[in-house]
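Asker: Contents of work.csv (CSV, C-alpha atoms) are given next:
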chain,number,residue,atom,x,y,z
P,29,MET,CA,3.6,-26.9,-12.1
P,30,GLU,CA,6.5,-24.7,-12.9
P,31,PHE,CA,10.0,-25.4,-11.7
P,32,LYS,CA,11.5,-22.6,-9.5
P,33,ASP,CA,15.2,-21.9,-9.5
P,34,TYR,CA,15.7,-20.7,-6.0
P,35,TYR,CA,19.3,-19.9,-6.6
P,36,GLN,CA,18.4,-17.7,-9.5
P,37,VAL,CA,15.7,-16.0,-7.4
P,38,MET,CA,18.2,-15.2,-4.7
P,39,GLY,CA,20.9,-14.3,-7.3
P,40,VAL,CA,23.5,-16.6,-5.8
P,41,ALA,CA,25.6,-19.5,-7.2
P,42,ARG,CA,24.7,-23.1,-6.5
P,43,ASP,CA,27.8,-23.5,-4.4
P,44,ALA,CA,27.1,-20.3,-2.3
P,45,THR,CA,27.9,-20.7,1.4
P,46,GLN,CA,25.1,-20.3,4.0
P,47,ASP,CA,26.5,-16.9,4.9
P,48,ASP,CA,26.3,-15.8,1.2
P,49,ILE,CA,22.7,-16.9,1.1
P,50,LYS,CA,21.8,-15.1,4.3
P,51,ARG,CA,23.5,-11.9,3.1
P,52,ALA,CA,21.8,-12.1,-0.3
P,53,TYR,CA,18.4,-12.6,1.5
P,54,ARG,CA,18.9,-9.7,3.8
P,55,LYS,CA,19.8,-7.4,0.9
P,56,LEU,CA,16.8,-8.5,-1.2
P,57,ALA,CA,14.4,-8.4,1.7
P,58,ARG,CA,15.3,-4.8,2.5
P,59,LYS,CA,15.0,-3.9,-1.2
P,60,TYR,CA,11.7,-5.6,-1.9
P,61,HIS,CA,9.9,-5.3,1.5
P,62,PRO,CA,6.3,-4.3,0.5
P,63,ASP,CA,6.2,-1.6,3.2
P,64,VAL,CA,9.5,-0.1,2.0
P,65,SER,CA,9.7,-0.7,-1.7
P,66,LYS,CA,8.0,1.5,-4.3
P,67,GLU,CA,8.9,-0.9,-7.1
P,68,PRO,CA,5.9,-2.4,-9.0
P,69,GLY,CA,5.6,-6.1,-8.2
P,70,ALA,CA,7.6,-5.8,-5.0
P,71,GLU,CA,5.1,-7.8,-3.0
P,72,ALA,CA,5.3,-10.8,-5.4
P,73,ARG,CA,9.0,-10.6,-5.5
P,74,PHE,CA,9.3,-10.4,-1.7
P,75,LYS,CA,7.2,-13.6,-1.4
P,76,GLU,CA,9.3,-15.4,-4.0
P,77,ILE,CA,12.5,-14.4,-2.1
P,78,GLY,CA,11.0,-15.6,1.2
P,79,GLU,CA,10.1,-18.9,-0.4
P,80,ALA,CA,13.6,-19.3,-1.9
P,81,TYR,CA,15.2,-18.4,1.4
P,82,GLU,CA,13.0,-20.8,3.4
P,83,VAL,CA,14.5,-23.6,1.3
P,84,LEU,CA,18.1,-22.5,0.9
P,85,LYS,CA,18.7,-21.4,4.5
P,86,ASP,CA,17.8,-24.8,5.8
P,87,PRO,CA,20.7,-27.3,5.0
P,88,GLU,CA,18.2,-30.2,5.0
P,89,LYS,CA,15.8,-28.6,2.5
P,90,ARG,CA,18.6,-27.2,0.5
P,91,ALA,CA,20.2,-30.7,0.1
P,92,ALA,CA,16.9,-32.1,-0.9
P,93,TYR,CA,16.4,-29.4,-3.4
P,94,ASP,CA,19.9,-29.9,-4.8
P,95,GLN,CA,19.0,-33.5,-5.4
P,96,LEU,CA,16.8,-32.4,-8.2
P,97,GLY,CA,19.9,-31.6,-10.1
P,98,THR,CA,20.8,-28.8,-12.5
P,99,ARG,CA,18.8,-29.9,-15.6
P,100,TRP,CA,15.7,-27.9,-14.6
P,101,LYS,CA,15.2,-24.4,-15.9
P,102,SER,CA,13.1,-21.8,-14.2
P,103,GLY,CA,9.5,-21.9,-15.4
P,104,GLN,CA,9.9,-25.3,-16.9
P,105,GLU,CA,7.0,-27.8,-16.4
P,106,PHE,CA,8.0,-29.8,-13.4
P,107,GLN,CA,7.1,-33.2,-11.9
P,108,PRO,CA,9.1,-34.4,-8.9
P,109,PRO,CA,10.9,-37.7,-9.6
P,110,PRO,CA,9.2,-40.6,-7.9
P,111,GLY,CA,10.1,-41.0,-4.3
P,112,TRP,CA,12.4,-38.0,-4.5
P,113,ASP,CA,12.1,-37.0,-0.9
P,114,GLN,CA,12.7,-40.4,0.6
P,115,GLY,CA,15.5,-40.4,3.0
P,116,PHE,CA,15.0,-36.8,3.9
P,117,GLU,CA,13.5,-36.0,7.2
P,118,PHE,CA,12.3,-32.4,7.6
P,119,HIS,CA,12.3,-31.5,11.2
P,120,GLY,CA,9.0,-30.6,12.6
P,121,GLY,CA,7.6,-30.6,9.0
P,122,GLY,CA,9.1,-27.3,8.6
P,123,PHE,CA,7.9,-23.8,8.7
P,124,THR,CA,9.5,-21.5,11.1
P,125,GLU,CA,8.7,-17.8,11.1
P,126,ALA,CA,7.8,-17.4,7.4
P,127,ASP,CA,4.2,-17.1,6.3
P,128,ALA,CA,4.0,-20.4,4.5
P,129,SER,CA,0.5,-20.1,3.3
P,130,GLN,CA,1.8,-17.8,0.5
P,131,PHE,CA,4.3,-20.3,-0.9
P,132,SER,CA,3.9,-21.7,-4.4
P,133,SER,CA,2.5,-25.1,-5.3
P,134,PHE,CA,6.1,-26.0,-6.4
P,135,PHE,CA,7.2,-25.5,-2.8
P,136,GLU,CA,4.3,-27.5,-1.4
P,137,THR,CA,4.9,-30.4,-3.6
P,138,LEU,CA,8.5,-30.6,-2.5
P,139,PHE,CA,8.2,-29.9,1.2
P,140,GLY,CA,4.6,-30.5,2.1
P,141,LYS,CA,2.1,-27.9,3.2
P,142,ARG,CA,1.1,-26.4,6.5
P,143,LYS,CA,-1.5,-28.3,8.4
P,144,HIS,CA,-4.7,-26.2,7.9
P,145,SER,CA,-6.9,-27.7,10.4
P,146,ARG,CA,-6.0,-29.1,13.8
P,147,GLN,CA,-8.0,-31.6,15.8
P,148,TYR,CA,-8.3,-30.9,19.5
P,149,GLY,CA,-9.4,-34.2,20.9
P,150,GLY,CA,-13.1,-33.9,20.3
P,151,GLN,CA,-13.2,-30.5,21.8
P,152,ARG,CA,-15.0,-27.8,19.9
P,153,PHE,CA,-12.5,-25.3,18.7
P,154,ASP,CA,-13.7,-21.8,17.8
P,155,LEU,CA,-11.4,-19.3,16.3
P,156,GLN,CA,-12.0,-16.0,14.6
P,157,GLY,CA,-11.0,-16.0,10.9
P,158,GLU,CA,-8.0,-14.0,9.8
P,159,ASP,CA,-8.2,-10.5,8.6
P,160,SER,CA,-7.5,-9.9,4.9
P,161,TYR,CA,-5.9,-7.0,3.2
P,162,ALA,CA,-6.2,-5.7,-0.3
P,163,LYS,CA,-5.9,-2.5,-2.3
P,164,ILE,CA,-8.6,-0.7,-4.2
P,165,SER,CA,-7.9,1.9,-6.9
P,166,ILE,CA,-10.5,4.6,-7.2
P,167,ASP,CA,-11.0,7.8,-9.0
P,168,LEU,CA,-10.8,11.0,-7.0
P,169,GLU,CA,-14.4,11.8,-8.0
P,170,ASP,CA,-15.5,8.6,-6.2
P,171,THR,CA,-14.7,10.1,-2.8
P,172,PHE,CA,-17.0,13.1,-3.6
P,173,GLN,CA,-19.9,11.0,-4.7
P,174,GLY,CA,-19.6,7.9,-2.5
P,175,ALA,CA,-19.6,5.7,-5.6
P,176,VAL,CA,-20.0,2.0,-5.7
P,177,ARG,CA,-17.0,0.2,-7.0
P,178,SER,CA,-16.6,-3.5,-7.6
P,179,LEU,CA,-13.3,-5.4,-7.0
P,180,THR,CA,-12.3,-8.9,-7.6
P,181,LEU,CA,-10.2,-10.7,-5.0
P,182,GLN,CA,-8.4,-13.9,-5.2
P,183,HIS,CA,-8.0,-16.2,-2.3
P,184,THR,CA,-7.0,-19.8,-1.7
P,185,GLU,CA,-9.5,-22.3,-0.4
P,186,LEU,CA,-9.1,-25.9,0.4
P,187,GLY,CA,-10.9,-28.0,-2.1
P,188,GLN,CA,-12.6,-31.4,-1.7
P,189,ASP,CA,-9.3,-33.2,-2.2
P,190,GLY,CA,-7.6,-31.1,0.5
P,191,ARG,CA,-5.5,-29.2,-2.0
P,192,PRO,CA,-5.6,-25.4,-2.1
P,193,GLN,CA,-7.4,-23.9,-5.0
P,194,ILE,CA,-7.5,-20.3,-6.2
P,195,LYS,CA,-11.0,-18.9,-5.9
P,196,GLU,CA,-12.2,-15.5,-7.1
P,197,ARG,CA,-15.0,-13.4,-5.7
P,198,THR,CA,-16.3,-10.0,-6.6
P,199,LEU,CA,-17.4,-7.5,-4.1
P,200,ASN,CA,-19.4,-4.4,-4.6
P,201,VAL,CA,-18.1,-1.8,-2.2
P,202,ARG,CA,-19.6,1.6,-1.5
P,203,ILE,CA,-16.7,4.1,-1.3
P,204,PRO,CA,-17.2,6.1,1.9
P,205,LYS,CA,-17.6,9.7,1.1
P,206,GLY,CA,-14.5,11.7,2.1
P,207,ILE,CA,-12.0,8.9,2.1
P,208,ARG,CA,-8.4,9.9,1.3
P,209,GLN,CA,-5.4,8.3,-0.4
P,210,GLY,CA,-3.8,5.7,1.9
P,211,GLN,CA,-6.8,5.3,4.2
P,212,HIS,CA,-8.4,2.0,4.8
P,213,ILE,CA,-12.0,0.8,4.4
P,214,ARG,CA,-13.0,-1.9,6.9
P,215,LEU,CA,-15.6,-4.4,5.7
P,216,THR,CA,-16.7,-6.4,8.8
P,217,GLY,CA,-16.9,-10.1,8.3
P,218,GLN,CA,-15.4,-10.1,4.7
P,219,GLY,CA,-12.1,-11.7,5.7
P,220,SER,CA,-11.3,-15.4,6.0
P,221,PRO,CA,-14.1,-17.5,7.5
P,222,GLY,CA,-13.7,-18.5,11.2
P,223,MET,CA,-13.3,-22.0,12.5
P,224,GLY,CA,-16.1,-23.6,14.5
P,225,TYR,CA,-18.4,-20.9,15.8
P,226,GLY,CA,-15.7,-18.2,15.3
P,227,LYS,CA,-16.6,-15.1,13.5
P,228,ALA,CA,-15.2,-14.4,10.1
P,229,GLY,CA,-12.3,-11.9,9.9
P,230,ASP,CA,-12.5,-8.4,8.5
P,231,LEU,CA,-11.3,-7.2,5.1
P,232,TYR,CA,-9.2,-4.1,5.0
P,233,LEU,CA,-9.0,-2.2,1.7
P,234,GLU,CA,-6.3,0.4,1.3
P,235,VAL,CA,-7.5,3.2,-0.9
P,236,VAL,CA,-5.2,4.3,-3.8
P,237,PHE,CA,-6.3,7.2,-6.0
P,238,LYS,CA,-5.7,6.6,-9.7
P,239,PRO,CA,-3.5,9.3,-11.2
P,240,HIS,CA,-5.7,12.1,-12.3
P,241,PRO,CA,-4.9,14.3,-15.3
P,242,LEU,CA,-5.9,17.5,-13.4
P,243,TYR,CA,-5.8,17.0,-9.6
P,244,LYS,CA,-3.2,15.9,-7.1
P,245,THR,CA,-4.0,15.3,-3.5
P,246,ASP,CA,-2.2,15.9,-0.2
P,247,GLY,CA,-4.4,14.5,2.6
P,248,LYS,CA,-7.8,16.2,2.2
P,249,ASP,CA,-6.4,19.0,0.1
P,250,ILE,CA,-6.5,19.0,-3.6
P,251,PHE,CA,-4.1,20.9,-5.9
P,252,MET,CA,-4.6,21.8,-9.6
P,253,GLU,CA,-2.8,24.0,-12.1
P,254,LEU,CA,-4.9,26.5,-13.9
P,255,PRO,CA,-3.5,28.0,-17.1
P,256,VAL,CA,-4.3,31.8,-17.5
P,257,THR,CA,-3.4,34.4,-20.0
P,258,PRO,CA,-0.9,37.2,-19.1
P,259,TRP,CA,-3.7,39.8,-19.2
P,260,GLU,CA,-5.9,37.7,-17.0
P,261,ALA,CA,-3.1,37.5,-14.5
P,262,ALA,CA,-2.1,41.1,-14.8
P,263,LEU,CA,-5.5,42.8,-14.9
P,264,GLY,CA,-7.5,40.3,-12.9
P,265,ALA,CA,-10.4,38.3,-14.4
P,266,THR,CA,-13.1,35.9,-13.7
P,267,VAL,CA,-12.5,32.6,-15.4
P,268,LYS,CA,-14.1,29.1,-15.5
P,269,ALA,CA,-12.2,26.5,-13.5
P,270,PRO,CA,-13.0,22.8,-13.2
P,271,THR,CA,-13.3,21.3,-9.7
P,272,PRO,CA,-14.1,17.7,-8.8
P,273,ALA,CA,-17.5,18.9,-7.8
P,274,GLY,CA,-18.2,20.8,-11.0
P,275,VAL,CA,-17.1,23.9,-12.9
P,276,VAL,CA,-16.9,27.1,-10.9
P,277,ASP,CA,-16.3,30.8,-11.7
P,278,LEU,CA,-13.0,31.8,-10.2
P,279,ARG,CA,-11.7,35.3,-9.6
P,280,ILE,CA,-8.1,35.7,-10.6
P,281,PRO,CA,-6.8,38.7,-8.6
P,282,ALA,CA,-5.0,41.5,-10.5
P,283,GLY,CA,-1.2,41.1,-10.4
P,284,SER,CA,-1.2,37.3,-10.0
P,285,GLN,CA,2.1,35.5,-10.8
P,286,SER,CA,2.8,32.0,-12.0
P,287,GLY,CA,3.0,29.6,-9.1
P,288,GLN,CA,0.7,31.6,-6.9
P,289,LYS,CA,-1.8,29.5,-5.1
P,290,LEU,CA,-5.5,30.6,-4.9
P,291,ARG,CA,-7.3,28.8,-2.1
P,292,LEU,CA,-10.9,27.7,-2.6
P,293,ARG,CA,-12.0,27.0,0.9
P,294,GLU,CA,-13.7,23.7,1.6
P,295,ARG,CA,-13.6,22.6,-2.0
P,296,GLY,CA,-11.2,19.8,-1.3
P,297,ILE,CA,-12.2,16.3,-0.2
P,298,PRO,CA,-15.4,16.4,1.8
P,299,SER,CA,-15.5,15.7,5.5
P,300,THR,CA,-16.8,17.3,8.6
P,301,SER,CA,-14.0,19.8,8.2
P,302,PRO,CA,-13.5,19.6,4.4
P,303,GLY,CA,-10.2,20.0,2.7
P,304,ASP,CA,-9.3,23.0,0.5
P,305,LEU,CA,-8.8,23.2,-3.2
P,306,TYR,CA,-5.6,25.0,-4.2
P,307,VAL,CA,-5.5,26.5,-7.7
P,308,ILE,CA,-1.9,27.1,-8.9
P,309,VAL,CA,-1.8,29.9,-11.4
P,310,GLN,CA,0.2,29.1,-14.5
P,311,ILE,CA,0.7,32.0,-16.9
P,312,VAL,CA,0.8,30.8,-20.5
P,313,LEU,CA,2.2,33.1,-23.2
P,314,PRO,CA,0.4,33.4,-26.5
P,315,PRO,CA,2.7,32.2,-29.3
P,316,ALA,CA,4.4,34.9,-31.3
P,317,ASP,CA,3.5,33.1,-34.5
P,318,SER,CA,2.0,36.0,-36.6
P,319,GLU,CA,3.2,39.4,-37.5
P,320,GLN,CA,0.5,41.0,-35.4
P,321,ALA,CA,1.5,39.0,-32.3
P,322,ARG,CA,5.2,39.8,-32.8
P,323,ALA,CA,4.2,43.5,-33.1
P,324,LEU,CA,2.4,43.4,-29.8
P,325,TYR,CA,5.3,41.8,-28.0
P,326,ARG,CA,7.6,44.4,-29.5
P,327,GLU,CA,5.3,47.2,-28.4
P,328,MET,CA,5.4,45.8,-24.8
P,329,GLU,CA,9.2,45.6,-25.0
P,330,GLN,CA,9.3,49.3,-25.9
P,331,LYS,CA,6.7,50.6,-23.7
P,332,LEU,CA,6.9,48.6,-20.5
P,333,ALA,CA,10.6,48.9,-19.5
P,334,PHE,CA,10.3,45.7,-17.5
P,335,ASN,CA,13.4,43.8,-16.2
P,336,PRO,CA,12.4,40.6,-14.3
P,337,ARG,CA,16.1,40.1,-13.4
P,338,THR,CA,16.7,43.1,-11.2
P,339,LYS,CA,17.1,40.9,-8.1
P,340,LEU,CA,19.9,39.0,-9.9
P,341,ASN,CA,21.8,42.3,-10.3
P,342,VAL,CA,22.2,41.8,-14.0
L,16,MET,CA,-22.4,-12.9,-8.9
L,17,GLU,CA,-23.2,-11.0,-5.8
L,18,HIS,CA,-25.1,-7.7,-6.1
L,19,ARG,CA,-25.2,-6.8,-2.5
L,20,ILE,CA,-23.4,-3.5,-1.8
L,21,LEU,CA,-21.0,-3.6,1.1
L,22,GLU,CA,-20.9,-0.6,3.3
L,23,GLY,CA,-17.6,-0.1,5.1
L,24,VAL,CA,-16.1,2.4,7.5
L,25,ILE,CA,-13.0,4.6,7.1
L,26,VAL,CA,-10.6,3.0,9.6
L,27,GLU,CA,-8.5,6.2,10.1
L,28,ASN,CA,-11.5,8.5,10.8
L,29,ASP,CA,-14.3,6.4,12.2
L,30,VAL,CA,-12.7,3.5,14.1
L,31,GLU,CA,-11.5,3.3,17.6
L,32,ILE,CA,-9.7,0.2,18.4
L,33,SER,CA,-9.4,-1.3,21.9
L,34,LEU,CA,-6.2,-2.8,23.1
L,35,ALA,CA,-7.6,-6.3,22.9
L,36,GLU,CA,-8.7,-5.7,19.3
L,37,LEU,CA,-5.4,-4.3,18.3
L,38,CYS,CA,-3.7,-7.4,19.8
L,39,ARG,CA,-6.0,-9.7,17.9
L,40,ILE,CA,-5.6,-7.9,14.5
L,41,CYS,CA,-1.8,-7.8,14.9
L,42,LYS,CA,-1.7,-11.3,16.3
L,43,ILE,CA,0.5,-10.2,19.1
L,44,ASP,CA,0.4,-9.9,22.9
L,45,ALA,CA,-0.5,-6.8,24.8
L,46,GLU,CA,3.0,-6.5,26.2
L,47,TRP,CA,4.3,-5.7,22.7
L,48,ILE,CA,1.7,-3.0,22.3
L,49,VAL,CA,2.7,-1.5,25.6
L,50,THR,CA,6.3,-1.4,24.4
L,51,LEU,CA,5.2,0.4,21.3
L,52,VAL,CA,3.4,3.0,23.4
L,53,GLN,CA,6.5,3.4,25.6
L,54,GLU,CA,8.6,3.8,22.5
L,55,GLY,CA,6.3,6.6,21.3
L,56,ILE,CA,5.2,4.7,18.2
L,57,LEU,CA,1.6,4.4,19.2
L,58,GLU,CA,-0.4,6.9,21.2
L,59,PRO,CA,-3.6,5.9,23.0
L,60,THR,CA,-6.4,8.3,22.2
L,61,ASP,CA,-7.1,8.9,25.9
L,62,THR,CA,-4.1,8.3,28.1
L,63,ALA,CA,-6.1,9.2,31.2
L,64,SER,CA,-8.5,6.3,30.7
L,65,LYS,CA,-7.7,2.9,32.2
L,66,GLN,CA,-8.9,1.2,29.0
L,67,TRP,CA,-6.6,2.1,26.2
L,68,HIS,CA,-8.1,2.9,22.8
L,69,PHE,CA,-6.2,3.6,19.6
L,70,SER,CA,-7.0,5.5,16.4
L,71,GLY,CA,-7.2,3.7,13.1
L,72,THR,CA,-3.9,5.3,12.1
L,73,SER,CA,-2.3,3.4,15.1
L,74,LEU,CA,-3.5,0.1,13.6
L,75,ARG,CA,-1.6,0.8,10.3
L,76,ARG,CA,1.6,1.9,12.2
L,77,ALA,CA,1.5,-1.2,14.4
L,78,LEU,CA,1.0,-3.5,11.5
L,79,ILE,CA,4.0,-2.0,9.6
L,80,VAL,CA,6.3,-2.2,12.6
L,81,ARG,CA,5.3,-5.8,13.2
L,82,ARG,CA,6.0,-6.7,9.6
L,83,LEU,CA,9.4,-4.9,9.6
L,84,GLN,CA,10.4,-6.6,12.8
L,85,ARG,CA,9.3,-10.0,11.6
L,86,ASP,CA,10.6,-9.8,8.0
L,87,LEU,CA,13.8,-7.8,8.3
L,88,GLU,CA,14.7,-8.7,11.9
L,89,VAL,CA,15.2,-5.1,13.0
L,90,ASN,CA,14.6,-4.2,16.6
L,91,LEU,CA,11.9,-2.0,17.8
L,92,ALA,CA,13.9,1.2,17.8
L,93,GLY,CA,15.0,0.4,14.2
L,94,ALA,CA,11.5,-0.3,13.1
L,95,ALA,CA,10.3,2.9,14.6
L,96,LEU,CA,13.0,4.9,12.8
L,97,ILE,CA,12.1,3.1,9.5
L,98,LEU,CA,8.4,3.9,10.1
L,99,GLU,CA,9.1,7.6,10.6
L,100,LEU,CA,11.4,7.8,7.6
L,101,LEU,CA,8.8,6.1,5.5
L,102,GLU,CA,6.2,8.6,6.5
L,103,GLU,CA,8.6,11.5,5.8
L,104,ARG,CA,9.4,10.0,2.4
L,105,GLU,CA,5.7,9.7,1.7
L,106,ALA,CA,5.2,13.4,2.6
L,107,LEU,CA,8.1,14.4,0.4
L,108,ARG,CA,6.9,12.4,-2.6
L,109,THR,CA,3.5,14.1,-2.3
L,110,ARG,CA,5.1,17.5,-2.3
L,111,LEU,CA,7.3,16.6,-5.2
L,112,ASP,CA,4.2,15.5,-7.1
L,113,ILE,CA,2.4,18.8,-6.4
L,114,ARG,CA,5.5,20.9,-6.9
Now, as a test, write the supplied structure out as structure tokens.

Answerer:
Amino acid sequence: MEFKDYYQVMGVARDATQDDIKRAYRKLARKYHPDVSKEPGAEARFKEIGEAYEVLKDPEKRAAYDQLGTRWKSGQEFQPPPGWDQGFEFHGGGFTEADASQFSSFFETLFGKRKHSRQYGGQRFDLQGEDSYAKISIDLEDTFQGAVRSLTLQHTELGQDGRPQIKERTLNVRIPKGIRQGQHIRLTGQGSPGMGYGKAGDLYLEVVFKPHPLYKTDGKDIFMELPVTPWEAALGATVKAPTPAGVVDLRIPAGSQSGQKLRLRERGIPSTSPGDLYVIVQIVLPPADSEQARALYREMEQKLAFNPRTKLNV
Amino acid sequence: MEHRILEGVIVENDVEISLAELCRICKIDAEWIVTLVQEGILEPTDTASKQWHFSGTSLRRALIVRRLQRDLEVNLAGAALILELLEEREALRTRLDIR
């Protein structure tokens, strides 16, 4: 088991006041709250901060933790000294509002763990299992095809000896056709098991699209940039364009400009009212890297009398 | 190794959640949900009906508000404001990404 330096986690000195600790916690909690933060690893950091605060905010737990002394370094292999917690009484065995099931084994060794099963005097006790939440990364193409994706989830389970163990399970999930970024798939009965005759909870999977080299999405609409030549844009042309459902022939209207959007109706993410695919025209200039190319550009310069800056009055 | 293929539903499109179910999933009492409706954070799909039902999007909003309240100790109006700003930020990020 690794030692955890709760003062380091919170970024406070060992002699910080309770007010300092509270302030540090509030600041970090706002910064790393998983709903608010976009930083990678925010969720793990938030849990770590919550655990550190659970100990440091409580003068009893903090005093007990301080007893371990200053010789431990974060991440060091840790065994509590024998009988270290004797003489400390933790009121009510502890946890207040925090979600203690997520705390580390370091925390559990020091402060005990939450009681997982309660006995209700011989009465049968049925309770529906908890819902679980996880994220699943998929390719944009998966929502077109309704592909099957497998994902591996970790969860803690009480072992024979009553200690929590990390178990892994792999699920094969069919991606519902037409699902969009940020939406959730509900898998009934795949959450935590219930107690007694209670049903198992449900598993909610939040869908995240992996970054795609060509396509971006906004809801059910898809956007892509399509490079075209100046003559295709100026004269109009039919060109090949990739779409998530396959290559199509696309008509570029004469007089198209860079940044113009061409809408391909109902070529976005499928649904009863499918999204659209927007092709953003991007005019690419041929390089002037040969005498012939330079001559052509010079000819345009002389014959076209074109000033793109007339609106700028220069 | 399990080879069974699990079929799920899209919560936001295909799921209607009853008030009781919403309470159970959020582990909270109905009174709190009523406050969320009064605050305009949640909207029942059919306000005329005696039995409230909510869309799958409401579930996500309710869960976020509950987590914000519990973890950051903000009040309901504050949590509602954060939720709306988060949604606006998400929309702006998407637009930034598309250009």

Asker: Tell me the residues of chain P close to chain L, meaning within 8 Å using only C-alpha atoms, as number ranges by chain.

Answerer: P: 54, 57-58, 61, 63-64, 125, 159, 176, 198-204, 207, 211-216, 244-246, 251

Asker: I'd like the interatomic distance between CA of Lys238 (chain P) and CA of Ile166 (chain P), to a tenth of an Å.

Answerer: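 Between CA of Lys238 (chain P) and CA of Ile166 (chain P) the gap is 5.8 Å.
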
Asker: Could you state the separation of CA of Ile164 (chain P) and CA of Leu179 (chain P) in Å, given to one decimal place?

Answerer: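 Between CA of Ile164 (chain P) and CA of Leu179 (chain P) the gap works out to 7.2 Å.
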
Asker: Quick one: residues within 12 Å of Tyr81 (chain P), all atoms listed in the file counted, chain neighbours fewer than 3 positions away excluded, as a PyMOL selection string?

Answerer: (chain P and resi 33-40+46-57+74-78+84-87+89-90+123-126+128+131+135) or (chain L and resi 86)

Asker: One decimal, Å: what's the distance from CA of Gln53 (chain L) over to CA of Gly210 (chain P), could you say?

Answerer: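 A separation of 25.9 Å between them.
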
Asker: Which residues come within 9 Å of Lys268 (chain P), counting all atoms listed in the file, excluding same-chain residues fewer than 6 positions away, as JSON, numbers by chain?

Answerer: {"P": [275, 276, 277, 278, 279]}

Asker: Please determine, counting only C-alpha atoms, which residue among L:Ile32, L:Ile43, L:Glu102, L:Leu91 has the shortest atom-to-atom distance to Thr60 (chain L).

Answerer: L:Ile32

Asker: So which one's closest to Lys248 (chain P), P:Glu136, P:Glu234, P:Glu260, P:Asp304? Using all atoms listed in the file, please.

Answerer: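 For Lys248 (chain P), the nearest of the given residues is P:Asp304.
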
Asker: Step by step: locate region 55-101 of chain L in the block above, keep C-alpha atoms, then write the file as a PDB file, in the first residue's frame.

Answerer:
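Result saved to part37.pdb:
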ATOM      1  CA  GLY L  55     -36.869  25.923 -14.543  1.00  0.00           C
ATOM      2  CA  ILE L  56     -33.947  23.477 -14.537  1.00  0.00           C
ATOM      3  CA  LEU L  57     -36.127  20.523 -15.484  1.00  0.00           C
ATOM      4  CA  GLU L  58     -39.204  20.460 -17.615  1.00  0.00           C
ATOM      5  CA  PRO L  59     -41.690  17.614 -17.496  1.00  0.00           C
ATOM      6  CA  THR L  60     -42.488  16.356 -20.998  1.00  0.00           C
ATOM      7  CA  ASP L  61     -46.204  16.820 -20.397  1.00  0.00           C
ATOM      8  CA  THR L  62     -47.069  19.491 -17.868  1.00  0.00           C
ATOM      9  CA  ALA L  63     -50.797  18.912 -18.254  1.00  0.00           C
ATOM     10  CA  SER L  64     -50.537  15.330 -17.091  1.00  0.00           C
ATOM     11  CA  LYS L  65     -50.906  14.505 -13.399  1.00  0.00           C
ATOM     12  CA  GLN L  66     -48.051  12.032 -13.666  1.00  0.00           C
ATOM     13  CA  TRP L  67     -44.823  13.834 -14.418  1.00  0.00           C
ATOM     14  CA  HIS L  68     -42.461  12.332 -16.936  1.00  0.00           C
ATOM     15  CA  PHE L  69     -39.067  13.623 -17.944  1.00  0.00           C
ATOM     16  CA  SER L  70     -36.843  13.277 -20.990  1.00  0.00           C
ATOM     17  CA  GLY L  71     -33.472  11.571 -20.817  1.00  0.00           C
ATOM     18  CA  THR L  72     -31.789  14.978 -21.045  1.00  0.00           C
ATOM     19  CA  SER L  73     -33.472  15.929 -17.758  1.00  0.00           C
ATOM     20  CA  LEU L  74     -31.800  12.986 -16.087  1.00  0.00           C
ATOM     21  CA  ARG L  75     -28.366  14.260 -17.059  1.00  0.00           C
ATOM     22  CA  ARG L  76     -29.196  17.795 -15.897  1.00  0.00           C
ATOM     23  CA  ALA L  77     -30.585  16.576 -12.582  1.00  0.00           C
ATOM     24  CA  LEU L  78     -27.503  14.458 -11.907  1.00  0.00           C
ATOM     25  CA  ILE L  79     -25.135  17.344 -12.666  1.00  0.00           C
ATOM     26  CA  VAL L  80     -27.065  19.760 -10.429  1.00  0.00           C
ATOM     27  CA  ARG L  81     -27.099  17.233  -7.605  1.00  0.00           C
ATOM     28  CA  ARG L  82     -23.350  16.639  -7.867  1.00  0.00           C
ATOM     29  CA  LEU L  83     -22.626  20.376  -7.961  1.00  0.00           C
ATOM     30  CA  GLN L  84     -24.788  20.970  -4.896  1.00  0.00           C
ATOM     31  CA  ARG L  85     -23.247  18.110  -2.973  1.00  0.00           C
ATOM     32  CA  ASP L  86     -19.596  18.579  -3.964  1.00  0.00           C
ATOM     33  CA  LEU L  87     -19.280  22.349  -4.183  1.00  0.00           C
ATOM     34  CA  GLU L  88     -21.993  23.334  -1.705  1.00  0.00           C
ATOM     35  CA  VAL L  89     -23.581  25.775  -4.123  1.00  0.00           C
ATOM     36  CA  ASN L  90     -27.268  26.508  -3.732  1.00  0.00           C
ATOM     37  CA  LEU L  91     -29.858  25.583  -6.321  1.00  0.00           C
ATOM     38  CA  ALA L  92     -29.823  28.900  -8.178  1.00  0.00           C
ATOM     39  CA  GLY L  93     -26.014  28.750  -8.300  1.00  0.00           C
ATOM     40  CA  ALA L  94     -26.041  25.179  -9.561  1.00  0.00           C
ATOM     41  CA  ALA L  95     -28.597  26.111 -12.237  1.00  0.00           C
ATOM     42  CA  LEU L  96     -26.402  28.996 -13.379  1.00  0.00           C
ATOM     43  CA  ILE L  97     -23.320  26.739 -13.522  1.00  0.00           C
ATOM     44  CA  LEU L  98     -25.288  24.163 -15.516  1.00  0.00           C
ATOM     45  CA  GLU L  99     -26.358  26.756 -18.073  1.00  0.00           C
ATOM     46  CA  LEU L 100     -22.838  28.169 -18.353  1.00  0.00           C
ATOM     47  CA  LEU L 101     -21.443  24.656 -18.806  1.00  0.00           C
TER      48      LEU L 101
END
